[in-house]
$ cat query.tsv   # TSV, C-alpha atoms
chain	number	residue	atom	x	y	z
A	1	MET	CA	-47.07	-68.76	28.08
A	2	SER	CA	-43.67	-70.44	27.48
A	3	GLU	CA	-40.43	-68.61	28.15
A	4	HIS	CA	-38.56	-67.08	25.18
A	5	PRO	CA	-35.59	-69.31	24.15
A	6	ALA	CA	-33.19	-66.36	24.58
A	7	ALA	CA	-33.91	-66.47	28.33
A	8	GLY	CA	-31.89	-69.71	28.48
A	9	LEU	CA	-28.70	-67.95	27.40
A	10	ASP	CA	-26.13	-67.42	30.16
A	11	GLU	CA	-24.24	-64.11	29.92
A	12	THR	CA	-20.96	-65.64	31.11
A	13	VAL	CA	-21.08	-68.46	28.59
A	14	HIS	CA	-22.79	-66.62	25.71
A	15	GLN	CA	-19.68	-64.92	24.45
A	16	ARG	CA	-17.95	-66.25	21.35
A	17	HIS	CA	-14.49	-66.79	22.87
A	18	ARG	CA	-15.69	-68.16	26.20
A	19	LEU	CA	-18.03	-70.54	24.36
A	20	GLY	CA	-15.01	-71.64	22.31
A	21	ILE	CA	-12.91	-72.26	25.46
A	22	LEU	CA	-15.69	-74.36	27.02
A	23	THR	CA	-16.26	-76.32	23.78
A	24	ILE	CA	-12.58	-77.23	23.39
A	25	THR	CA	-12.09	-78.14	27.06
A	26	ALA	CA	-15.29	-80.24	27.01
A	27	GLU	CA	-13.92	-82.22	24.06
A	28	ALA	CA	-10.59	-83.02	25.73
A	29	GLY	CA	-9.44	-84.02	29.20
A	30	LYS	CA	-6.99	-81.17	29.67
A	31	VAL	CA	-6.06	-78.36	27.32
A	32	ASP	CA	-2.91	-76.30	27.27
A	33	PHE	CA	-3.17	-72.48	27.27
A	34	GLY	CA	-1.02	-72.36	24.11
A	35	TYR	CA	-3.31	-74.79	22.28
A	36	LEU	CA	-6.35	-72.64	23.13
A	37	ARG	CA	-4.53	-69.48	21.98
A	38	ARG	CA	-3.58	-71.06	18.63
A	39	THR	CA	-6.96	-72.71	17.99
A	40	LEU	CA	-9.05	-69.67	18.93
A	41	ASP	CA	-6.58	-67.26	17.32
A	42	MET	CA	-6.43	-64.95	20.35
A	43	THR	CA	-3.72	-62.93	22.05
A	44	ALA	CA	-2.39	-64.26	25.38
A	45	GLY	CA	-3.79	-61.27	27.30
A	46	ASN	CA	-7.27	-61.57	25.80
A	47	LEU	CA	-7.40	-65.33	26.38
A	48	SER	CA	-6.15	-64.91	29.95
A	49	ARG	CA	-8.99	-62.45	30.66
A	50	HIS	CA	-11.67	-64.85	29.40
A	51	VAL	CA	-10.09	-67.80	31.24
A	52	THR	CA	-10.16	-65.80	34.49
A	53	ILE	CA	-13.86	-64.96	34.00
A	54	LEU	CA	-14.72	-68.64	33.47
A	55	GLU	CA	-12.58	-69.72	36.42
A	56	GLU	CA	-14.22	-67.15	38.71
A	57	ALA	CA	-17.65	-68.35	37.54
A	58	GLY	CA	-16.63	-71.87	38.69
A	59	LEU	CA	-16.89	-73.40	35.21
A	60	ILE	CA	-13.26	-74.40	34.62
A	61	ASP	CA	-10.23	-75.34	36.72
A	62	VAL	CA	-6.83	-73.87	35.98
A	63	GLU	CA	-3.61	-75.67	36.89
A	64	LYS	CA	-0.37	-73.71	36.63
A	65	GLY	CA	2.96	-75.49	36.65
A	66	TYR	CA	6.31	-75.90	34.99
A	67	GLU	CA	7.68	-78.30	32.43
A	68	GLY	CA	11.42	-78.01	32.87
A	69	LYS	CA	11.93	-74.26	33.02
A	70	ARG	CA	8.94	-73.47	30.85
A	71	PRO	CA	5.71	-72.37	32.58
A	72	ARG	CA	2.68	-74.31	31.42
A	73	THR	CA	-1.00	-73.78	32.19
A	74	TRP	CA	-3.54	-76.60	31.80
A	75	ILE	CA	-7.26	-75.91	31.74
A	76	THR	CA	-9.97	-78.45	32.61
A	77	ILE	CA	-13.73	-78.08	32.37
A	78	ASN	CA	-15.61	-79.18	35.50
A	79	PRO	CA	-19.13	-80.70	35.77
A	80	ALA	CA	-20.68	-77.23	36.30
A	81	GLY	CA	-18.94	-76.06	33.11
A	82	ARG	CA	-20.25	-79.05	31.17
A	83	ARG	CA	-23.79	-78.38	32.38
A	84	ALA	CA	-23.48	-74.68	31.46
A	85	LEU	CA	-22.20	-75.57	27.97
A	86	SER	CA	-25.01	-78.11	27.41
A	87	ALA	CA	-27.60	-75.56	28.54
A	88	GLU	CA	-26.13	-72.91	26.24
A	89	VAL	CA	-26.11	-75.25	23.22
A	90	ALA	CA	-29.72	-76.28	23.97
A	91	ALA	CA	-30.76	-72.61	24.25
A	92	LEU	CA	-29.01	-71.76	20.96
A	93	ARG	CA	-30.75	-74.68	19.21
A	94	ALA	CA	-34.12	-73.57	20.58
A	95	LEU	CA	-33.43	-70.04	19.40
A	96	VAL	CA	-32.49	-71.22	15.88
A	97	SER	CA	-35.70	-73.29	15.72
A	98	ALA	CA	-37.76	-70.31	16.91
A	99	ILE	CA	-36.18	-68.02	14.29
A	100	GLU	CA	-36.80	-70.60	11.54
A	101	ARG	CA	-40.44	-70.97	12.62
A	102	ALA	CA	-40.93	-67.19	12.73
A	103	ALA	CA	-39.31	-66.54	9.32
A	104	PRO	CA	-41.95	-65.94	6.60
A	105	GLU	CA	-42.10	-68.57	3.85
A	106	PRO	CA	-40.59	-67.17	0.62
A	107	PRO	CA	-43.15	-66.79	-2.20
A	108	VAL	CA	-43.12	-70.01	-4.25
A	109	SER	CA	-42.99	-68.18	-7.60
A	110	LEU	CA	-39.73	-66.40	-6.66
A	111	VAL	CA	-37.95	-69.55	-5.60
A	112	ASP	CA	-39.18	-72.23	-7.94
A	113	SER	CA	-40.04	-70.50	-11.15
A	114	PRO	CA	-37.07	-70.20	-13.57
A	115	SER	CA	-38.84	-67.40	-15.34
A	116	SER	CA	-38.71	-65.21	-12.23
A	117	LEU	CA	-34.89	-65.17	-12.47
A	118	GLN	CA	-34.88	-63.86	-16.01
B	1	MET	CA	-26.81	-67.23	8.73
B	2	THR	CA	-28.24	-65.92	12.04
B	3	GLU	CA	-25.92	-65.31	15.02
B	4	PRO	CA	-27.11	-68.36	17.04
B	5	ALA	CA	-26.76	-70.57	13.95
B	6	ALA	CA	-23.23	-69.20	13.34
B	7	LEU	CA	-22.29	-69.92	16.97
B	8	LEU	CA	-23.60	-73.49	16.71
B	9	ASP	CA	-21.65	-73.90	13.49
B	10	GLU	CA	-18.47	-72.67	15.20
B	11	ILE	CA	-19.03	-75.03	18.16
B	12	SER	CA	-19.26	-78.00	15.74
B	13	ARG	CA	-16.12	-76.86	13.90
B	14	LEU	CA	-14.09	-76.43	17.12
B	15	ARG	CA	-15.29	-79.77	18.47
B	16	ALA	CA	-14.28	-81.59	15.26
B	17	ARG	CA	-10.87	-79.89	15.18
B	18	THR	CA	-10.07	-80.68	18.84
B	19	ARG	CA	-11.23	-84.26	18.34
B	20	ALA	CA	-8.97	-84.66	15.29
B	21	ASP	CA	-6.02	-83.08	17.16
B	22	ARG	CA	-6.26	-85.47	20.10
B	23	HIS	CA	-6.73	-88.69	18.10
B	24	ALA	CA	-3.72	-90.92	18.76
B	25	TYR	CA	-4.98	-94.49	18.45
B	26	VAL	CA	-2.94	-95.72	15.49
B	27	PRO	CA	0.23	-96.81	17.43
B	28	PRO	CA	-1.81	-98.78	20.06
B	29	LEU	CA	-3.53	-100.70	17.24
B	30	PHE	CA	-0.18	-101.71	15.72
B	31	LEU	CA	1.28	-102.52	19.16
B	32	PHE	CA	-1.59	-104.81	20.20
B	33	GLY	CA	-1.66	-106.36	16.69
B	34	VAL	CA	1.99	-107.39	17.00
B	35	LEU	CA	1.55	-108.57	20.64
B	36	VAL	CA	-1.42	-110.77	19.65
B	37	LEU	CA	0.44	-112.28	16.68
B	38	LEU	CA	3.46	-113.10	18.89
B	39	ALA	CA	1.37	-115.06	21.43
B	40	PRO	CA	1.68	-118.49	19.70
B	41	LEU	CA	5.45	-118.45	20.39
B	42	TRP	CA	4.63	-119.05	24.09
B	43	ALA	CA	1.88	-121.61	23.56
B	44	GLU	CA	4.05	-124.71	23.98
B	45	GLY	CA	5.81	-124.33	27.26
B	46	GLY	CA	4.70	-126.82	29.84
B	47	PRO	CA	2.57	-126.79	32.94
B	48	PRO	CA	1.84	-123.88	35.33
B	49	ARG	CA	4.76	-122.93	37.61
B	50	PHE	CA	3.26	-121.41	40.77
B	51	GLU	CA	0.73	-122.75	43.25
B	52	VAL	CA	-1.07	-120.63	45.84
B	53	ALA	CA	-3.91	-122.19	47.88
B	54	HIS	CA	-4.42	-125.01	45.34
B	55	VAL	CA	-4.64	-122.54	42.48
B	56	TRP	CA	-2.03	-122.99	39.76
B	57	PHE	CA	-0.61	-119.98	37.94
B	58	GLY	CA	1.94	-119.32	35.31
B	59	THR	CA	1.86	-121.33	32.10
B	60	PRO	CA	4.17	-119.50	29.66
B	61	LEU	CA	1.17	-118.34	27.62
B	62	GLN	CA	-0.59	-116.98	30.75
B	63	LEU	CA	2.58	-115.12	31.74
B	64	TYR	CA	2.93	-113.79	28.19
B	65	TRP	CA	-0.67	-112.53	28.14
B	66	LEU	CA	-0.16	-110.90	31.54
B	67	ALA	CA	2.99	-109.09	30.34
B	68	ALA	CA	1.41	-108.22	26.97
B	69	VAL	CA	-1.84	-106.86	28.43
B	70	VAL	CA	-0.19	-104.92	31.30
B	71	GLY	CA	2.62	-103.68	29.04
B	72	GLY	CA	0.23	-102.83	26.20
B	73	PHE	CA	-2.17	-100.86	28.42
B	74	LEU	CA	0.66	-98.99	30.19
B	75	ALA	CA	2.48	-98.25	26.92
B	76	THR	CA	-0.78	-96.92	25.43
B	77	ALA	CA	-1.41	-94.67	28.46
B	78	ALA	CA	2.21	-93.42	28.33
B	79	TRP	CA	1.87	-92.72	24.61
B	80	TYR	CA	-1.34	-90.71	25.17
B	81	LEU	CA	0.30	-88.68	27.97
B	82	HIS	CA	3.36	-87.98	25.81
B	83	ARG	CA	1.29	-86.98	22.80
B	84	GLY	CA	-1.08	-84.86	24.91
B	85	THR	CA	1.84	-82.99	26.46
B	86	ARG	CA	3.40	-82.37	23.05
B	87	SER	CA	0.24	-81.25	21.27
B	88	GLY	CA	-1.36	-79.42	24.21
B	89	VAL	CA	-4.62	-81.36	24.13
B	90	ARG	CA	-4.94	-84.44	26.35
B	91	THR	CA	-7.35	-87.35	26.14
B	92	PRO	CA	-8.44	-88.51	29.63
B	93	VAL	CA	-7.04	-92.05	29.86
B	94	ARG	CA	-7.95	-92.90	33.47
B	95	GLY	CA	-11.06	-94.82	32.34
B	96	TYR	CA	-8.95	-96.78	29.88
B	97	LEU	CA	-6.44	-97.67	32.61
B	98	ALA	CA	-9.33	-98.72	34.89
B	99	ILE	CA	-10.51	-101.16	32.17
B	100	GLY	CA	-6.94	-102.45	31.91
B	101	LEU	CA	-6.64	-102.89	35.69
B	102	VAL	CA	-9.96	-104.76	35.89
B	103	GLY	CA	-9.00	-106.89	32.89
B	104	VAL	CA	-5.60	-107.75	34.30
B	105	LEU	CA	-7.08	-108.68	37.70
B	106	ALA	CA	-9.71	-110.82	36.01
B	107	ILE	CA	-7.31	-112.70	33.71
B	108	SER	CA	-4.50	-112.96	36.28
B	109	PHE	CA	-6.55	-114.28	39.18
B	110	GLY	CA	-10.05	-115.18	37.98
B	111	PHE	CA	-8.88	-117.23	35.02
B	112	PRO	CA	-6.41	-119.53	36.86
B	113	VAL	CA	-8.87	-119.90	39.78
B	114	VAL	CA	-11.60	-121.14	37.44
B	115	GLU	CA	-9.15	-123.26	35.46
B	116	SER	CA	-7.81	-124.94	38.62
B	117	PHE	CA	-11.31	-126.11	39.47
B	118	ALA	CA	-12.31	-126.90	35.90
B	119	TYR	CA	-13.99	-130.20	36.79
B	120	ARG	CA	-16.21	-128.66	39.47
B	121	VAL	CA	-16.74	-125.54	37.36
B	122	ALA	CA	-17.91	-127.63	34.40
B	123	ARG	CA	-20.65	-129.14	36.60
B	124	SER	CA	-21.76	-125.82	38.05
B	125	PRO	CA	-25.00	-124.29	36.72
B	126	PHE	CA	-23.28	-120.90	36.91
B	127	THR	CA	-21.00	-121.75	33.97
B	128	ARG	CA	-23.89	-122.45	31.60
B	129	PRO	CA	-24.62	-119.92	28.85
B	130	SER	CA	-28.18	-119.51	30.22
B	131	PHE	CA	-26.52	-117.83	33.26
B	132	THR	CA	-23.25	-116.33	31.95
B	133	VAL	CA	-24.60	-114.71	28.77
B	134	PRO	CA	-27.51	-112.70	30.32
B	135	VAL	CA	-25.35	-111.63	33.29
B	136	ALA	CA	-22.48	-110.61	30.99
B	137	VAL	CA	-24.85	-108.65	28.70
B	138	ALA	CA	-26.41	-106.89	31.73
B	139	ALA	CA	-22.92	-106.07	33.09
B	140	VAL	CA	-21.79	-104.64	29.73
B	141	LEU	CA	-24.97	-102.51	29.54
B	142	ALA	CA	-24.38	-101.32	33.13
B	143	LEU	CA	-20.77	-100.50	32.20
B	144	GLY	CA	-21.95	-98.43	29.21
B	145	GLY	CA	-24.56	-96.68	31.37
B	146	ALA	CA	-22.00	-95.83	34.08
B	147	LEU	CA	-19.57	-94.44	31.48
B	148	TRP	CA	-22.38	-92.40	29.90
B	149	LEU	CA	-23.49	-91.02	33.26
B	150	ARG	CA	-19.97	-90.29	34.55
B	151	PRO	CA	-19.38	-86.83	33.00
B	152	ARG	CA	-22.90	-85.76	33.99
B	153	LEU	CA	-22.53	-86.51	37.71
B	154	ARG	CA	-21.22	-84.29	40.47
B	155	HIS	CA	-19.54	-87.26	42.22
B	156	GLN	CA	-17.84	-89.01	39.30
B	157	GLY	CA	-16.12	-91.54	41.61
B	158	ILE	CA	-19.44	-93.38	42.09
B	159	ALA	CA	-19.83	-93.87	38.33
B	160	THR	CA	-16.17	-94.94	38.02
B	161	ALA	CA	-16.62	-97.52	40.80
B	162	ALA	CA	-19.86	-98.78	39.18
B	163	ALA	CA	-18.09	-99.05	35.81
B	164	MET	CA	-15.21	-101.04	37.35
B	165	VAL	CA	-17.57	-103.41	39.19
B	166	SER	CA	-19.63	-103.94	36.02
B	167	GLY	CA	-16.46	-104.60	34.01
B	168	LEU	CA	-15.25	-107.07	36.62
B	169	VAL	CA	-18.60	-108.91	36.55
B	170	ALA	CA	-18.51	-109.06	32.72
B	171	LEU	CA	-14.99	-110.47	32.76
B	172	ALA	CA	-15.85	-112.88	35.58
B	173	MET	CA	-18.61	-114.27	33.35
B	174	LEU	CA	-16.07	-114.67	30.56
B	175	ASP	CA	-13.73	-116.44	32.98
B	176	LEU	CA	-16.49	-118.83	34.00
B	177	ARG	CA	-17.51	-119.44	30.42
B	178	PHE	CA	-14.13	-119.72	28.73
B	179	ALA	CA	-11.53	-120.71	31.31
B	180	PRO	CA	-12.23	-124.45	31.28
B	181	ALA	CA	-11.88	-124.41	27.50
B	182	ARG	CA	-9.00	-122.25	26.27
B	183	PRO	CA	-6.79	-119.33	27.19
B	184	TYR	CA	-7.89	-116.54	24.85
B	185	ALA	CA	-9.90	-114.39	27.30
B	186	PRO	CA	-7.05	-111.79	27.24
B	187	LEU	CA	-8.10	-111.00	23.66
B	188	VAL	CA	-11.46	-109.93	25.07
B	189	THR	CA	-9.70	-107.76	27.68
B	190	ILE	CA	-7.77	-106.04	24.89
B	191	ALA	CA	-11.02	-105.65	22.91
B	192	LEU	CA	-12.75	-104.05	25.91
B	193	GLY	CA	-9.79	-101.69	26.33
B	194	LEU	CA	-9.97	-100.65	22.67
B	195	ILE	CA	-13.75	-100.14	22.87
B	196	GLY	CA	-13.12	-97.95	25.94
B	197	LEU	CA	-10.49	-96.03	23.99
B	198	ALA	CA	-12.91	-95.56	21.07
B	199	TRP	CA	-15.41	-94.12	23.57
B	200	LEU	CA	-12.82	-91.73	25.05
B	201	GLU	CA	-11.65	-90.73	21.58
B	202	ARG	CA	-15.24	-90.37	20.29
B	203	SER	CA	-13.92	-92.15	17.19
B	204	ARG	CA	-16.24	-94.09	14.87
B	205	VAL	CA	-13.28	-95.57	12.98
B	206	LEU	CA	-11.73	-96.98	16.17
B	207	GLY	CA	-15.21	-98.11	17.29
B	208	VAL	CA	-15.64	-100.17	14.11
B	209	ILE	CA	-12.10	-101.63	14.33
B	210	SER	CA	-12.61	-102.50	18.03
B	211	GLY	CA	-15.97	-104.10	17.21
B	212	LEU	CA	-14.40	-106.26	14.47
B	213	PHE	CA	-11.55	-107.20	16.82
B	214	ALA	CA	-14.03	-108.05	19.62
B	215	ALA	CA	-15.93	-110.31	17.18
B	216	ALA	CA	-12.66	-112.04	16.17
B	217	ALA	CA	-11.73	-112.40	19.88
B	218	LEU	CA	-15.08	-114.03	20.64
B	219	LEU	CA	-14.67	-116.38	17.65
B	220	ALA	CA	-11.29	-117.44	19.08
B	221	ASN	CA	-12.84	-118.04	22.50
B	222	PHE	CA	-15.75	-120.05	21.11
B	223	SER	CA	-13.23	-122.29	19.21
B	224	THR	CA	-14.91	-121.31	15.95
B	225	MET	CA	-11.51	-120.49	14.40
B	226	GLN	CA	-10.43	-124.13	14.44
B	227	SER	CA	-13.67	-125.19	12.72
B	228	MET	CA	-13.14	-122.49	10.09
B	229	PHE	CA	-9.58	-123.66	9.35
B	230	PHE	CA	-10.82	-127.28	9.32
B	231	HIS	CA	-13.48	-126.44	6.71
B	232	LEU	CA	-10.90	-124.54	4.67
B	233	GLY	CA	-8.73	-127.68	4.71
B	234	VAL	CA	-5.83	-125.85	6.40
B	235	PHE	CA	-4.37	-127.28	9.64
B	236	ALA	CA	-7.10	-129.95	9.51
B	237	ARG	CA	-5.21	-132.20	11.97
B	238	PHE	CA	-3.92	-131.31	15.42
B	239	GLU	CA	-0.35	-130.11	14.85
B	240	GLY	CA	0.59	-128.92	18.32
B	241	GLU	CA	-0.29	-126.09	20.70
B	242	THR	CA	1.65	-123.49	18.70
B	243	THR	CA	-0.40	-124.16	15.56
B	244	THR	CA	-3.66	-124.10	17.55
B	245	ALA	CA	-2.67	-120.77	19.11
B	246	PHE	CA	-1.68	-119.46	15.67
B	247	MET	CA	-5.11	-120.36	14.28
B	248	ASN	CA	-6.80	-118.50	17.13
B	249	THR	CA	-4.67	-115.35	17.10
B	250	LEU	CA	-4.12	-114.90	13.34
B	251	LEU	CA	-7.46	-113.23	12.53
B	252	PRO	CA	-7.59	-110.96	15.66
B	253	GLY	CA	-3.96	-109.88	15.08
B	254	LEU	CA	-4.53	-109.17	11.39
B	255	VAL	CA	-7.73	-107.21	12.16
B	256	LEU	CA	-5.67	-104.91	14.42
B	257	LEU	CA	-2.81	-104.46	11.93
B	258	ALA	CA	-5.17	-103.85	8.99
B	259	GLY	CA	-7.29	-101.56	11.20
B	260	GLY	CA	-4.16	-99.63	12.21
B	261	ALA	CA	-3.15	-99.20	8.55
B	262	PHE	CA	-6.67	-98.03	7.60
B	263	ALA	CA	-6.83	-95.66	10.60
B	264	ALA	CA	-3.42	-94.17	9.69
B	265	TRP	CA	-4.63	-93.54	6.13
B	266	HIS	CA	-7.93	-92.09	7.40
B	267	GLU	CA	-6.18	-89.74	9.87
B	268	ARG	CA	-3.75	-88.54	7.21
B	269	ARG	CA	-6.62	-87.85	4.80
B	270	ALA	CA	-8.60	-86.00	7.51
B	271	ARG	CA	-5.61	-83.73	8.28
B	272	ALA	CA	-4.86	-83.03	4.58

$ encode --input "query.tsv" --output "structure tokens"
Amino acid sequence: MSEHPAAGLDETVHQRHRLGILTITAEAGKVDFGYLRRTLDMTAGNLSRHVTILEEAGLIDVEKGYEGKRPRTWITINPAGRRALSAEVAALRALVSAIERAAPEPPVSLVDSPSSLQ
Amino acid sequence: MTEPAALLDEISRLRARTRADRHAYVPPLFLFGVLVLLAPLWAEGGPPRFEVAHVWFGTPLQLYWLAAVVGGFLATAAWYLHRGTRSGVRTPVRGYLAIGLVGVLAISFGFPVVESFAYRVARSPFTRPSFTVPVAVAAVLALGGALWLRPRLRHQGIATAAAMVSGLVALAMLDLRFAPARPYAPLVTIALGLIGLAWLERSRVLGVISGLFAAAALLANFSTMQSMFFHLGVFARFEGETTTAFMNTLLPGLVLLAGGAFAAWHERRARA
């Protein structure tokens, strides 16, 4: 018997904000903390918490520095992070397909017949 | 919509937004367009100036191409770094610079070496299309494969090295094929750089513009441009090196300028 698609979901990655962080960093070379905060519409504290979780899981690299007197944090996804994101997207796609296959077909008369709407 | 479907939808939306935010290829298109169109000004300038081990370097046009290609690639990389720092989302340009480095090495050293031995090169079986074309195609495919594999590997340096070697082989084939004939191989280096940039940017628009420019660059290298002008009845006689260079660089330069204008309009519409 094949494994249920939901088994492919990783708890660290399968969280809306963390999935967003991985998606954005996978699309770019390096992403600024401020850009992530604006794009994901999160508070600095909340974003910082999720970034720490991903960094501790070994999925992203965080580089803290200064630009002039202003502190700046750049975030980069690493190969493990890319693999985790690809696996998560594949698992989500498999899950969507499984749900679509399991959903009962709507009765034809209710969908196609104009008279049923009257 | 189910929760997994909503998450997939959000992933697509975030990916598209980040991609749009990091696109910055319009200024490089205009820059290279102008640099290509200025090349004919250096076409009539006398013989090569430097000799090292029987290899002659440094016709004014060669020196111009060297400065234009090095300057253009470095200016593009600097522009991407500046824009990435300002917007907070950076495009990785190391691959693009690697293409530039390989291209510059190939046109700066390979091209004059082949040109200096043009007589012997012309008799060599390794300059015939039956050798250069299949090897160049295989090298370009290997380059694409290495770039595709690179983000998926644990040791990315191996893929980078493979990509650089493949690029060097492809350009070496171009050197062997074109050097005895005419000095427009730098157009192909610029085209390869733009194709690399389109790959890094994941941009279909830049991909199409780079493809059109690469086709125009190949037409210039195969001397098809002169035949086209001849059939059009324009510049039908030989009117000097400057006119010949103008015929060969006009279409590639205009493709870049028109492509830059279209890309600017497309970007503005996408952001609106």

$ interface_residues --input "query.tsv" --of "chain B" --to "chain A" --cutoff "8 Å" --atoms "all atoms listed in the file" --output "NGL selection string"
:B and (2 or 4-5 or 7-8 or 10-11 or 14-15 or 18-19 or 22 or 87-92 or 151-154)

$ atom_distance --input "query.tsv" --atom1 "atom CA of Ser227 of chain B" --atom2 "atom CA of Ala170 of chain B"
26.1 Å

$ residues_around --input "query.tsv" --residues "Thr244 of chain B" --least-positions-apart "3" --cutoff "9 Å" --atoms "only C-alpha atoms" --output "MDAnalysis selection string"
chainID B and resid 40 43 226 235 238:241 247:249

$ closest_residue --input "query.tsv" --among "B:Ala106, B:Leu197, B:Ala215, B:Ala270" --to "Val169 of chain B" --atoms "only C-alpha atoms"
B:Ala106

$ atom_distance --input "query.tsv" --atom1 "atom CA of Leu85 of chain A" --atom2 "atom CA of Val13 of chain A"
7.2 Å

$ atom_distance --input "query.tsv" --atom1 "atom CA of Ala98 of chain A" --atom2 "atom CA of Arg13 of chain B"
22.8 Å
